[in-house]
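As structure tokens, the structure follows; a few thoughts come after it.
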Amino acid sequence: MKVYFLKRFLELIPIFFAISIIIFVIMNSMPGDPLLQMRMQNPRVMTNDPERMRELREYYHLDDPLPVKYFTWLKSVLTGDLGYSSMYKSPVIDLIASRLPNTLVLTITAWLIGLIFALPIGIISAVKKYSAFDYTTTVFAFIGISLPGFWFALIAIIIFSVNLGWFPVSGMATYGIRGFWNIFADRLRHLVLPAFVLGLVQVASWVRYIRTSLLEVLDQDYVRTAYAKGVPDRKVIIKHALKNAMIPIITIIALDIPYFFGGALIIETVFSWPGMGRLMYNAVISSDYNLAISCLMFLAIITLISNLVADFLYVMVDPRIRMGRKGA
Amino acid sequence: MERILEVDNLEISFRTQLGKITPVDGVSFGLSRGETLGIVGESGCGKTITAFSIIKLLPKNAFLGDNTKITFRGRDISTLSSEELQKIRGKSISMVFQEPMTSLNPLYTIGWQISEVYRLHEGLDEDAAMKRSIEMLRLVGIPEPQKRVKEFPHQLSGGMRQRVMIAMALACSPELLIADEPTTALDVTIQAQVLELMNELKNKFSTATIIITHDLGVIAEMCDRVLVMYAGQIVESGDIFDIFDKPMHPYTKGLINSIPKIEISKKDQKKLSVIDGYVPHPSSFPDGCRFRPRCPTAFEKCLEKPPMIESEGHHSVRCWLFEGDDM
């Protein structure tokens with residue numbers, strides 16, 4: 001077991017470097033010149049003097065060949081220096097450190113909301129196959145899969161913020177609130193809409209996966225054995241069927257974690273949520289190389305971690321895999 | 001002897017895309033304590049759903065006929081609530097299934113799966129239930145049961161898994177055991193061991209047993225009485241000697257003749273006789289005698305539905321050839 005995970009973890013290292021090369025090359029092939037960009041942002045301090053421009057190019061190593069640039073970049077990244085954001089005028093690492101918690105709060109809440117809704121709905125529509133409930137969820141699931149998240153976000157704002165006034169339209173906090181519990185309640189109120197929109201968008205596809213997977217398991221011989229043993233229906237479904245059905249579901253739910261961060265990019269922009277998503281969006285829009293590369297690398301790391309988590313979880317659930325890999 | 005099971009006029013229908021089909025109809029039989037009844041027939045005869053109907057394990061789209069009555073120890077099964085059924089299943093009536101490879105839950109240890117029966121029906125705590133499970137595993141001949149209880153189904157061979165299934169079925173000493181093709185999926189040598197084990201245990205617990213099989217060898221080994229089923233009906237029933245020594249129905253004769261015999265010398269070797277054709281689908285059972293299209297001795301009368309004709313003793317047959325033999 002331990003050996004297996006160590007192996008899986010070590011495998012991630014070359015993958016990580018391969019991803020870093022791809023991201024670096026793509027970002028460097030983007031049109032535009034960092035110096036011109038800087039001059040556009042701050043015309044007074046930058047000169048037009050060709051000699052001065054050449055000096056600057058040399059100073060920033062802009063004319064180095066790509067492989068040299070990559071290794072220079074890699075060296076500084078590995079020592080914890082992610083560079084300086086030309087747009088926010090601040091070290092990238094500080095930006096990420098200040099935004100990451102906000103994004104984590106949003107995505108983890110959304111992920112949990114997704115699970116809390118998808119699991120029971122999926123289970124009920126599998127157990128009560130072809131019932132009115134099943135047909136209704138199927139219709140809503142298809143609507144959910146077909147319509148984009150930002151549209152839901154806007155509709156939610158119109159209904160719940162503008163018309164009903166239950167939740168704030170955007171942002172993460174109201175200024176001037178004092179007291180731990182007041183602040184907590186205020187944060188929660190701000191969190192509700194973006195987290196629900198981000199989570200519920202995923203519910204649609206998860207419900208379908210859970211339904212299919214559980215239906216397949218409910219047809220298995222060992223489920224019939226459980227009924228023949230006199231196990232009550234509820235226990236048959238939860239203990240015998242669901243645990244087996246969870247094996248493929250776990251993989252999907254864990255591998256979908258990166259999509260929450262990707263989805264956060266749009267949702268954070270719509271709700272002006274100060275998280276990584278908006279940071280990434282702004283970085284790409286304004287060609288802020290260092291920031292954009294760091295954000296993309298962050299997404300890559302999240303994806304790799306989700307893979308590892310999925311692997312870990314289904315090894316925990318399934319003894320066949322656990323035993324099979326014991327000696328590996 | 002005390003009658004524990006009475007199945008009267010069993011009719012099982014399914015709502016399907018083809019409309020209503022009735023793969024089993026007019027099946028009646030009974031079972032006394034300690035008795036072993038074999039139900040034999042080709043695949044698709046309705047043997048398995050007949051067995052499943054006794055503990056209401058039929059699929060959701062199945063329903064029983066209005067005149068069907070299944071009585072277990074004086075209680076009408078169809079009037080039981082699902083809680084009452086759960087108390088009977090696994091405790092008074094248990095089942096062993098055809099596929100030991102897939103009939104155990106892959107995610108739980110075999111000890112857990114056997115002890116679940118004790119926890120449900122005898123209210124034992126985990127330790128006590130596990131102890132009883134170890135005893136039961138020893139009883140079904142699994143070596144080192146203390147070690148084996150911690151193993152998962154995938155670590156056991158097919159024969160061992162079927163022993164586990166038997167241990168689970170007999171855990172609460174049920175009054176009725178239904179074994180649906182218990183040896184079909186096993187190797188021949190393992191088949192013999194499992195049959196011997198079942199014989200031994202059903203005598204020990206004096207369990208009434210219904211064995212469903214297409215293998216007449218299994219019937220000969222295990223049963224007191226036999227029902228021969230064809231296309232959802234009983235075509236012949238009798239005690240085991242009647243069936244093997246004096247088969248009456250052309251279908252029973254066909255089945256007995258299709259048992260391969262091992263002949264070494266060339267002159268004894270002859271082509272294995274077969275029953276031509278297939279069991280008809282329940283949506284298109286022939287009118288009159290359902291075996292008519294495949295029957296070598298069919299005549300005009302067979303276009304009418306043959307009744308069950310009682311011959312000597314409890315030997316009865318559904319065939320016009322024996323009309324007038326009625327006693």
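Labels used: A, B, ... for chains in the order of the structure tokens, numbers from 1 for residues in each chain, and numbers from 1 for ligands as shown.
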Restrict the calculation to only C-alpha atoms, then for each residue of range 12-41 of chain B with any atom at most 10 Å from an atom of range 167-189 of chain B give the closest atom pair and their distance in Å to one decimal, rows by chain and rising residue number, as a tab-separated table.
```
residue	atom	partner	partner_atom	distance
B:Leu31	CA	B:Leu176	CA	9.1
B:Ser32	CA	B:Leu176	CA	9.5
B:Arg33	CA	B:Glu175	CA	7.3
B:Gly34	CA	B:Glu175	CA	8.0
B:Glu35	CA	B:Leu176	CA	9.3
B:Thr36	CA	B:Leu177	CA	9.3
B:Leu37	CA	B:Ile178	CA	9.6
B:Gly38	CA	B:Ala179	CA	9.6
B:Ile39	CA	B:Asp180	CA	9.4
B:Val40	CA	B:Glu181	CA	9.8
```
Distance filter 7 Å, only C-alpha atoms, chain B against chain A, as a ChimeraX atom specification: /B:86-90,94-95,102-105,107,117,154
Distance query Glu304 in chain B at most 10 Å, only C-alpha atoms, self and fewer than 6 positions along chain excluded, as a VMD selection string: chain B and resid 287 to 290 320
Strand (DSSP E) residues, from DSSP on the backbone, in range 53-299 of chain B, as a ChimeraX atom specification: /B:62-64,69-72,75-76,93-96,176-180,208-213,225-230,233-239
Alpha helix (DSSP H) positions in range 114-272 of chain B, given as a PyMOL selection string: chain B and resi 114-121+126-139+145-148+158-170+188-204+216-222+240-245+250-257
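Excluding Val92 in chain A itself and any same-chain residue fewer than 6 positions from it, the protein and nucleic acid residues within 9 Å of it, counting only C-alpha atoms, are Asp81, Leu82, Gly83, Tyr84, Ser85, Asn290, Leu291 and Ser294 of chain A.
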Just all heavy atoms for this one: save the residues we selected as a PDB file, in the first residue's frame.
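Output saved as out06.pdb:
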```pdb
ATOM      1  N   ASP A  81      10.443  31.567  -5.733  1.00  0.00           N
ATOM      2  CA  ASP A  81      10.242  32.908  -6.307  1.00  0.00           C
ATOM      3  C   ASP A  81       9.415  32.772  -7.581  1.00  0.00           C
ATOM      4  O   ASP A  81       9.895  32.284  -8.600  1.00  0.00           O
ATOM      5  CB  ASP A  81      11.617  33.523  -6.613  1.00  0.00           C
ATOM      6  CG  ASP A  81      11.471  34.867  -7.291  1.00  0.00           C
ATOM      7  OD1 ASP A  81      10.337  35.406  -7.324  1.00  0.00           O
ATOM      8  OD2 ASP A  81      12.492  35.379  -7.791  1.00  0.00           O
ATOM      9  N   LEU A  82       8.156  33.197  -7.505  1.00  0.00           N
ATOM     10  CA  LEU A  82       7.282  33.051  -8.671  1.00  0.00           C
ATOM     11  C   LEU A  82       7.313  34.285  -9.563  1.00  0.00           C
ATOM     12  O   LEU A  82       6.569  34.386 -10.512  1.00  0.00           O
ATOM     13  CB  LEU A  82       5.840  32.778  -8.214  1.00  0.00           C
ATOM     14  CG  LEU A  82       5.630  31.498  -7.428  1.00  0.00           C
ATOM     15  CD1 LEU A  82       4.175  31.343  -7.030  1.00  0.00           C
ATOM     16  CD2 LEU A  82       6.064  30.267  -8.228  1.00  0.00           C
ATOM     17  N   GLY A  83       8.139  35.232  -9.229  1.00  0.00           N
ATOM     18  CA  GLY A  83       8.243  36.426 -10.059  1.00  0.00           C
ATOM     19  C   GLY A  83       7.356  37.557  -9.548  1.00  0.00           C
ATOM     20  O   GLY A  83       6.733  37.469  -8.483  1.00  0.00           O
ATOM     21  N   TYR A  84       7.309  38.605 -10.383  1.00  0.00           N
ATOM     22  CA  TYR A  84       6.645  39.822  -9.994  1.00  0.00           C
ATOM     23  C   TYR A  84       5.489  40.074 -10.957  1.00  0.00           C
ATOM     24  O   TYR A  84       5.649  39.914 -12.169  1.00  0.00           O
ATOM     25  CB  TYR A  84       7.671  40.955 -10.076  1.00  0.00           C
ATOM     26  CG  TYR A  84       7.237  42.231  -9.415  1.00  0.00           C
ATOM     27  CD1 TYR A  84       7.325  42.379  -8.025  1.00  0.00           C
ATOM     28  CD2 TYR A  84       6.772  43.306 -10.187  1.00  0.00           C
ATOM     29  CE1 TYR A  84       6.945  43.554  -7.412  1.00  0.00           C
ATOM     30  CE2 TYR A  84       6.386  44.482  -9.569  1.00  0.00           C
ATOM     31  CZ  TYR A  84       6.468  44.609  -8.192  1.00  0.00           C
ATOM     32  OH  TYR A  84       6.089  45.770  -7.595  1.00  0.00           O
ATOM     33  N   SER A  85       4.344  40.403 -10.427  1.00  0.00           N
ATOM     34  CA  SER A  85       3.211  40.649 -11.307  1.00  0.00           C
ATOM     35  C   SER A  85       3.273  42.056 -11.863  1.00  0.00           C
ATOM     36  O   SER A  85       3.309  43.033 -11.122  1.00  0.00           O
ATOM     37  CB  SER A  85       1.906  40.456 -10.538  1.00  0.00           C
ATOM     38  OG  SER A  85       0.851  41.081 -11.239  1.00  0.00           O
ATOM     39  N   ASN A 290       4.113  36.277 -15.570  1.00  0.00           N
ATOM     40  CA  ASN A 290       4.475  35.534 -14.360  1.00  0.00           C
ATOM     41  C   ASN A 290       3.248  35.061 -13.614  1.00  0.00           C
ATOM     42  O   ASN A 290       3.170  33.922 -13.168  1.00  0.00           O
ATOM     43  CB  ASN A 290       5.312  36.417 -13.433  1.00  0.00           C
ATOM     44  CG  ASN A 290       6.693  36.623 -14.003  1.00  0.00           C
ATOM     45  OD1 ASN A 290       7.177  35.783 -14.763  1.00  0.00           O
ATOM     46  ND2 ASN A 290       7.305  37.750 -13.667  1.00  0.00           N
ATOM     47  N   LEU A 291       2.270  35.942 -13.519  1.00  0.00           N
ATOM     48  CA  LEU A 291       1.060  35.602 -12.785  1.00  0.00           C
ATOM     49  C   LEU A 291       0.281  34.503 -13.513  1.00  0.00           C
ATOM     50  O   LEU A 291      -0.171  33.533 -12.901  1.00  0.00           O
ATOM     51  CB  LEU A 291       0.194  36.858 -12.625  1.00  0.00           C
ATOM     52  CG  LEU A 291      -1.034  36.697 -11.744  1.00  0.00           C
ATOM     53  CD1 LEU A 291      -0.649  36.189 -10.377  1.00  0.00           C
ATOM     54  CD2 LEU A 291      -1.781  38.022 -11.627  1.00  0.00           C
ATOM     55  N   SER A 294       1.950  31.118 -13.187  1.00  0.00           N
ATOM     56  CA  SER A 294       1.802  30.574 -11.843  1.00  0.00           C
ATOM     57  C   SER A 294       0.395  30.050 -11.622  1.00  0.00           C
ATOM     58  O   SER A 294       0.208  28.987 -11.021  1.00  0.00           O
ATOM     59  CB  SER A 294       2.117  31.644 -10.796  1.00  0.00           C
ATOM     60  OG  SER A 294       3.421  32.123 -11.015  1.00  0.00           O
TER      61      SER A 294
END
```
Long-range neighbours of range 292-302 of chain B as an MDAnalysis selection string, 10 Å cut-off, only C-alpha atoms, 6 positions minimum in chain: chainID B and resid 249:251 254 275:280 286 319:321
Would you kindly return, as a PDB file with N, CA, C and O atoms, in the first residue's frame, each protein, DNA or RNA residue with an atom no farther than 10 Å from any atom of Asp288 in chain A, considering only C-alpha atoms and excluding same-chain residues fewer than 4 positions away?
```pdb
ATOM      1  N   MET A  27       2.921  29.959 -22.963  1.00  0.00           N
ATOM      2  CA  MET A  27       2.866  31.344 -22.492  1.00  0.00           C
ATOM      3  C   MET A  27       3.881  32.205 -23.226  1.00  0.00           C
ATOM      4  O   MET A  27       3.648  33.375 -23.518  1.00  0.00           O
ATOM      5  N   PRO A  34       6.824  41.920 -23.516  1.00  0.00           N
ATOM      6  CA  PRO A  34       6.661  42.379 -22.131  1.00  0.00           C
ATOM      7  C   PRO A  34       7.060  43.842 -21.945  1.00  0.00           C
ATOM      8  O   PRO A  34       6.433  44.572 -21.179  1.00  0.00           O
ATOM      9  N   GLN A  37       4.456  46.089 -23.245  1.00  0.00           N
ATOM     10  CA  GLN A  37       3.354  45.990 -22.296  1.00  0.00           C
ATOM     11  C   GLN A  37       3.603  46.923 -21.105  1.00  0.00           C
ATOM     12  O   GLN A  37       2.727  47.672 -20.687  1.00  0.00           O
ATOM     13  N   MET A  38       4.835  46.838 -20.595  1.00  0.00           N
ATOM     14  CA  MET A  38       5.177  47.671 -19.437  1.00  0.00           C
ATOM     15  C   MET A  38       5.078  49.148 -19.794  1.00  0.00           C
ATOM     16  O   MET A  38       4.626  49.968 -19.001  1.00  0.00           O
ATOM     17  N   TYR A  84       7.309  38.605 -10.383  1.00  0.00           N
ATOM     18  CA  TYR A  84       6.645  39.822  -9.994  1.00  0.00           C
ATOM     19  C   TYR A  84       5.489  40.074 -10.957  1.00  0.00           C
ATOM     20  O   TYR A  84       5.649  39.914 -12.169  1.00  0.00           O
ATOM     21  N   SER A  85       4.344  40.403 -10.427  1.00  0.00           N
ATOM     22  CA  SER A  85       3.211  40.649 -11.307  1.00  0.00           C
ATOM     23  C   SER A  85       3.273  42.056 -11.863  1.00  0.00           C
ATOM     24  O   SER A  85       3.309  43.033 -11.122  1.00  0.00           O
ATOM     25  N   SER A  86       3.318  42.153 -13.200  1.00  0.00           N
ATOM     26  CA  SER A  86       3.428  43.477 -13.807  1.00  0.00           C
ATOM     27  C   SER A  86       2.127  44.251 -13.640  1.00  0.00           C
ATOM     28  O   SER A  86       2.106  45.462 -13.677  1.00  0.00           O
ATOM     29  N   MET A  87       1.046  43.542 -13.427  1.00  0.00           N
ATOM     30  CA  MET A  87      -0.239  44.209 -13.358  1.00  0.00           C
ATOM     31  C   MET A  87      -0.551  44.667 -11.937  1.00  0.00           C
ATOM     32  O   MET A  87      -0.963  45.802 -11.725  1.00  0.00           O
ATOM     33  N   TYR A  88      -0.366  43.775 -10.972  1.00  0.00           N
ATOM     34  CA  TYR A  88      -0.704  44.122  -9.593  1.00  0.00           C
ATOM     35  C   TYR A  88       0.456  44.783  -8.861  1.00  0.00           C
ATOM     36  O   TYR A  88       0.330  45.194  -7.710  1.00  0.00           O
ATOM     37  N   MET A 280      -6.554  34.802 -12.213  1.00  0.00           N
ATOM     38  CA  MET A 280      -6.105  34.153 -13.442  1.00  0.00           C
ATOM     39  C   MET A 280      -6.701  34.854 -14.661  1.00  0.00           C
ATOM     40  O   MET A 280      -6.006  35.129 -15.641  1.00  0.00           O
ATOM     41  N   ASN A 282      -7.716  37.956 -14.955  1.00  0.00           N
ATOM     42  CA  ASN A 282      -7.064  39.245 -15.170  1.00  0.00           C
ATOM     43  C   ASN A 282      -5.649  39.075 -15.697  1.00  0.00           C
ATOM     44  O   ASN A 282      -5.190  39.841 -16.553  1.00  0.00           O
ATOM     45  N   ALA A 283      -4.938  38.064 -15.195  1.00  0.00           N
ATOM     46  CA  ALA A 283      -3.554  37.839 -15.626  1.00  0.00           C
ATOM     47  C   ALA A 283      -3.492  37.547 -17.120  1.00  0.00           C
ATOM     48  O   ALA A 283      -2.662  38.084 -17.836  1.00  0.00           O
ATOM     49  N   VAL A 284      -4.417  36.702 -17.585  1.00  0.00           N
ATOM     50  CA  VAL A 284      -4.387  36.335 -18.999  1.00  0.00           C
ATOM     51  C   VAL A 284      -4.815  37.523 -19.859  1.00  0.00           C
ATOM     52  O   VAL A 284      -4.190  37.832 -20.870  1.00  0.00           O
ATOM     53  N   ALA A 292       0.174  34.650 -14.838  1.00  0.00           N
ATOM     54  CA  ALA A 292      -0.599  33.670 -15.603  1.00  0.00           C
ATOM     55  C   ALA A 292       0.040  32.289 -15.505  1.00  0.00           C
ATOM     56  O   ALA A 292      -0.645  31.299 -15.267  1.00  0.00           O
ATOM     57  N   ILE A 293       1.363  32.239 -15.680  1.00  0.00           N
ATOM     58  CA  ILE A 293       2.045  30.938 -15.604  1.00  0.00           C
ATOM     59  C   ILE A 293       1.828  30.316 -14.229  1.00  0.00           C
ATOM     60  O   ILE A 293       1.513  29.126 -14.102  1.00  0.00           O
TER      61      ILE A 293
END
```
Neighbour list for range 195-197 of chain A as number ranges by chain, cut-off 12 Å, only C-alpha atoms, skip fewer than 2 positions in-chain: A: 102-117, 144, 147-157, 160, 167, 172, 187-193, 199-204, 260-261, 263-264, 266-268, 270-271, 273
Using the selection just defined, write its residues with N, CA and C atoms as a compact mmCIF listing (two decimals), in the first residue's frame.
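This is the output file part02.txt:
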```txt
# COMPACT_ATOMS: atom_id res chain seq x y z
N ASN A 102 -9.61 32.30 -0.32
CA ASN A 102 -10.95 32.65 -0.79
C ASN A 102 -11.48 31.63 -1.79
N THR A 103 -10.58 31.25 -2.70
CA THR A 103 -11.00 30.27 -3.70
C THR A 103 -11.27 28.92 -3.07
N LEU A 104 -10.41 28.54 -2.12
CA LEU A 104 -10.62 27.25 -1.47
C LEU A 104 -11.96 27.22 -0.75
N VAL A 105 -12.28 28.31 -0.02
CA VAL A 105 -13.57 28.36 0.67
C VAL A 105 -14.70 28.18 -0.33
N LEU A 106 -14.61 28.89 -1.44
CA LEU A 106 -15.68 28.81 -2.44
C LEU A 106 -15.78 27.42 -3.07
N THR A 107 -14.63 26.88 -3.51
CA THR A 107 -14.69 25.60 -4.24
C THR A 107 -15.04 24.45 -3.31
N ILE A 108 -14.48 24.45 -2.11
CA ILE A 108 -14.78 23.33 -1.20
C ILE A 108 -16.25 23.36 -0.81
N THR A 109 -16.78 24.55 -0.51
CA THR A 109 -18.21 24.65 -0.19
C THR A 109 -19.04 24.17 -1.37
N ALA A 110 -18.67 24.62 -2.56
CA ALA A 110 -19.44 24.24 -3.75
C ALA A 110 -19.38 22.74 -3.97
N TRP A 111 -18.20 22.17 -3.75
CA TRP A 111 -18.01 20.73 -3.95
C TRP A 111 -18.90 19.95 -2.98
N LEU A 112 -18.90 20.42 -1.72
CA LEU A 112 -19.74 19.75 -0.71
C LEU A 112 -21.22 19.90 -1.05
N ILE A 113 -21.62 21.11 -1.46
CA ILE A 113 -23.02 21.32 -1.84
C ILE A 113 -23.38 20.37 -2.98
N GLY A 114 -22.47 20.25 -3.94
CA GLY A 114 -22.69 19.34 -5.06
C GLY A 114 -22.94 17.93 -4.57
N LEU A 115 -22.07 17.47 -3.66
CA LEU A 115 -22.21 16.11 -3.14
C LEU A 115 -23.51 15.94 -2.37
N ILE A 116 -23.80 16.92 -1.50
CA ILE A 116 -24.99 16.80 -0.64
C ILE A 116 -26.26 16.71 -1.47
N PHE A 117 -26.27 17.40 -2.60
CA PHE A 117 -27.46 17.31 -3.45
C PHE A 117 -27.41 16.09 -4.37
N GLY A 144 -29.57 21.18 -16.69
CA GLY A 144 -28.36 21.59 -15.97
C GLY A 144 -27.09 21.35 -16.75
N LEU A 147 -27.02 23.98 -19.93
CA LEU A 147 -26.92 25.43 -19.79
C LEU A 147 -25.64 25.83 -19.08
N PRO A 148 -25.03 26.95 -19.51
CA PRO A 148 -23.75 27.35 -18.91
C PRO A 148 -23.90 27.93 -17.50
N GLY A 149 -22.84 27.77 -16.72
CA GLY A 149 -22.86 28.22 -15.33
C GLY A 149 -23.05 29.72 -15.17
N PHE A 150 -22.45 30.50 -16.06
CA PHE A 150 -22.55 31.96 -15.87
C PHE A 150 -24.00 32.43 -16.03
N TRP A 151 -24.74 31.71 -16.87
CA TRP A 151 -26.16 32.05 -17.07
C TRP A 151 -26.92 31.80 -15.77
N PHE A 152 -26.66 30.65 -15.15
CA PHE A 152 -27.27 30.37 -13.86
C PHE A 152 -26.91 31.44 -12.84
N ALA A 153 -25.62 31.83 -12.88
CA ALA A 153 -25.15 32.84 -11.93
C ALA A 153 -25.96 34.12 -12.09
N LEU A 154 -26.14 34.55 -13.34
CA LEU A 154 -26.87 35.80 -13.57
C LEU A 154 -28.33 35.68 -13.16
N ILE A 155 -28.95 34.55 -13.48
CA ILE A 155 -30.35 34.32 -13.10
C ILE A 155 -30.48 34.33 -11.58
N ALA A 156 -29.52 33.65 -10.92
CA ALA A 156 -29.56 33.60 -9.45
C ALA A 156 -29.44 35.00 -8.86
N ILE A 157 -28.57 35.82 -9.44
CA ILE A 157 -28.42 37.19 -8.95
C ILE A 157 -29.73 37.96 -9.11
N PHE A 160 -32.48 36.10 -6.58
CA PHE A 160 -32.26 36.07 -5.14
C PHE A 160 -31.64 37.36 -4.59
N PHE A 167 -29.70 37.85 -0.70
CA PHE A 167 -28.24 37.74 -0.65
C PHE A 167 -27.61 38.93 -1.37
N MET A 172 -17.29 39.62 -1.31
CA MET A 172 -17.08 38.54 -0.37
C MET A 172 -17.40 38.98 1.05
N ARG A 187 -20.03 36.80 5.87
CA ARG A 187 -19.28 36.01 4.88
C ARG A 187 -20.16 34.92 4.29
N LEU A 188 -20.92 34.28 5.19
CA LEU A 188 -21.78 33.18 4.76
C LEU A 188 -22.81 33.67 3.74
N ARG A 189 -23.40 34.83 4.03
CA ARG A 189 -24.40 35.39 3.13
C ARG A 189 -23.81 35.66 1.74
N HIS A 190 -22.56 36.12 1.77
CA HIS A 190 -21.90 36.36 0.48
C HIS A 190 -21.57 35.07 -0.25
N LEU A 191 -21.34 34.03 0.55
CA LEU A 191 -20.87 32.77 -0.03
C LEU A 191 -22.01 31.98 -0.70
N VAL A 192 -23.22 32.15 -0.16
CA VAL A 192 -24.32 31.26 -0.57
C VAL A 192 -24.51 31.19 -2.09
N LEU A 193 -24.72 32.34 -2.72
CA LEU A 193 -25.03 32.28 -4.15
C LEU A 193 -23.92 31.70 -5.00
N GLY A 199 -21.72 24.75 -7.31
CA GLY A 199 -21.96 23.36 -6.93
C GLY A 199 -23.07 22.72 -7.72
N LEU A 200 -24.18 23.46 -7.88
CA LEU A 200 -25.35 22.86 -8.53
C LEU A 200 -25.12 22.58 -10.01
N VAL A 201 -24.23 23.37 -10.62
CA VAL A 201 -23.92 23.11 -12.03
C VAL A 201 -23.37 21.69 -12.16
N GLN A 202 -22.58 21.27 -11.17
CA GLN A 202 -21.98 19.94 -11.22
C GLN A 202 -22.97 18.84 -10.85
N VAL A 203 -23.97 19.20 -10.04
CA VAL A 203 -24.93 18.21 -9.56
C VAL A 203 -25.57 17.46 -10.72
N ALA A 204 -25.91 18.18 -11.76
CA ALA A 204 -26.63 17.57 -12.88
C ALA A 204 -25.89 16.35 -13.40
N PHE A 260 -14.00 22.50 -10.62
CA PHE A 260 -14.51 23.51 -9.71
C PHE A 260 -13.63 24.75 -9.74
N PHE A 261 -12.32 24.52 -9.85
CA PHE A 261 -11.41 25.66 -9.92
C PHE A 261 -11.57 26.37 -11.26
N GLY A 263 -14.37 26.31 -13.04
CA GLY A 263 -15.67 26.95 -12.96
C GLY A 263 -15.60 28.20 -12.11
N ALA A 264 -14.73 28.17 -11.10
CA ALA A 264 -14.58 29.32 -10.22
C ALA A 264 -14.11 30.54 -11.00
N ILE A 266 -15.06 31.60 -13.84
CA ILE A 266 -16.20 32.34 -14.36
C ILE A 266 -17.08 32.87 -13.23
N ILE A 267 -17.38 31.99 -12.27
CA ILE A 267 -18.27 32.37 -11.18
C ILE A 267 -17.67 33.52 -10.36
N GLU A 268 -16.35 33.45 -10.11
CA GLU A 268 -15.71 34.51 -9.34
C GLU A 268 -15.79 35.83 -10.10
N VAL A 270 -18.17 36.69 -12.27
CA VAL A 270 -19.56 37.17 -12.23
C VAL A 270 -19.89 37.77 -10.86
N PHE A 271 -19.44 37.11 -9.80
CA PHE A 271 -19.79 37.56 -8.45
C PHE A 271 -18.74 38.48 -7.83
N TRP A 273 -15.80 37.82 -6.84
CA TRP A 273 -15.25 37.10 -5.68
C TRP A 273 -13.72 37.17 -5.78
```
Given only C-alpha atoms as the counted atoms, nearest of B:Met165, B:Ile12, B:Met222, B:Ile114 to Ile134 in chain B: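 Ranking B:Met165, B:Ile12, B:Met222, B:Ile114 by distance to Ile134 in chain B, first place goes to B:Ile114.
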Length of the CA of Phe24 in chain A to CA of Leu6 in chain A vector [Å]: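 Calculated distance between CA of Phe24 in chain A and CA of Leu6 in chain A is 27.5 Å.
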Nearest candidate to Ser43 in chain B (options B:Thr68, B:Asn61, B:Asn199, B:Thr213; using only C-alpha atoms):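 Looking at the shortest contact to Ser43 in chain B, the residue is B:Thr213.
Going from CA of Leu80 in chain B to CA of Leu218 in chain A covers 23.4 Å.
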Atom-to-atom span, CA of Pro143 in chain B and CA of Ala129 in chain B, Å: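 Calculated distance between CA of Pro143 in chain B and CA of Ala129 in chain B is 19.0 Å.
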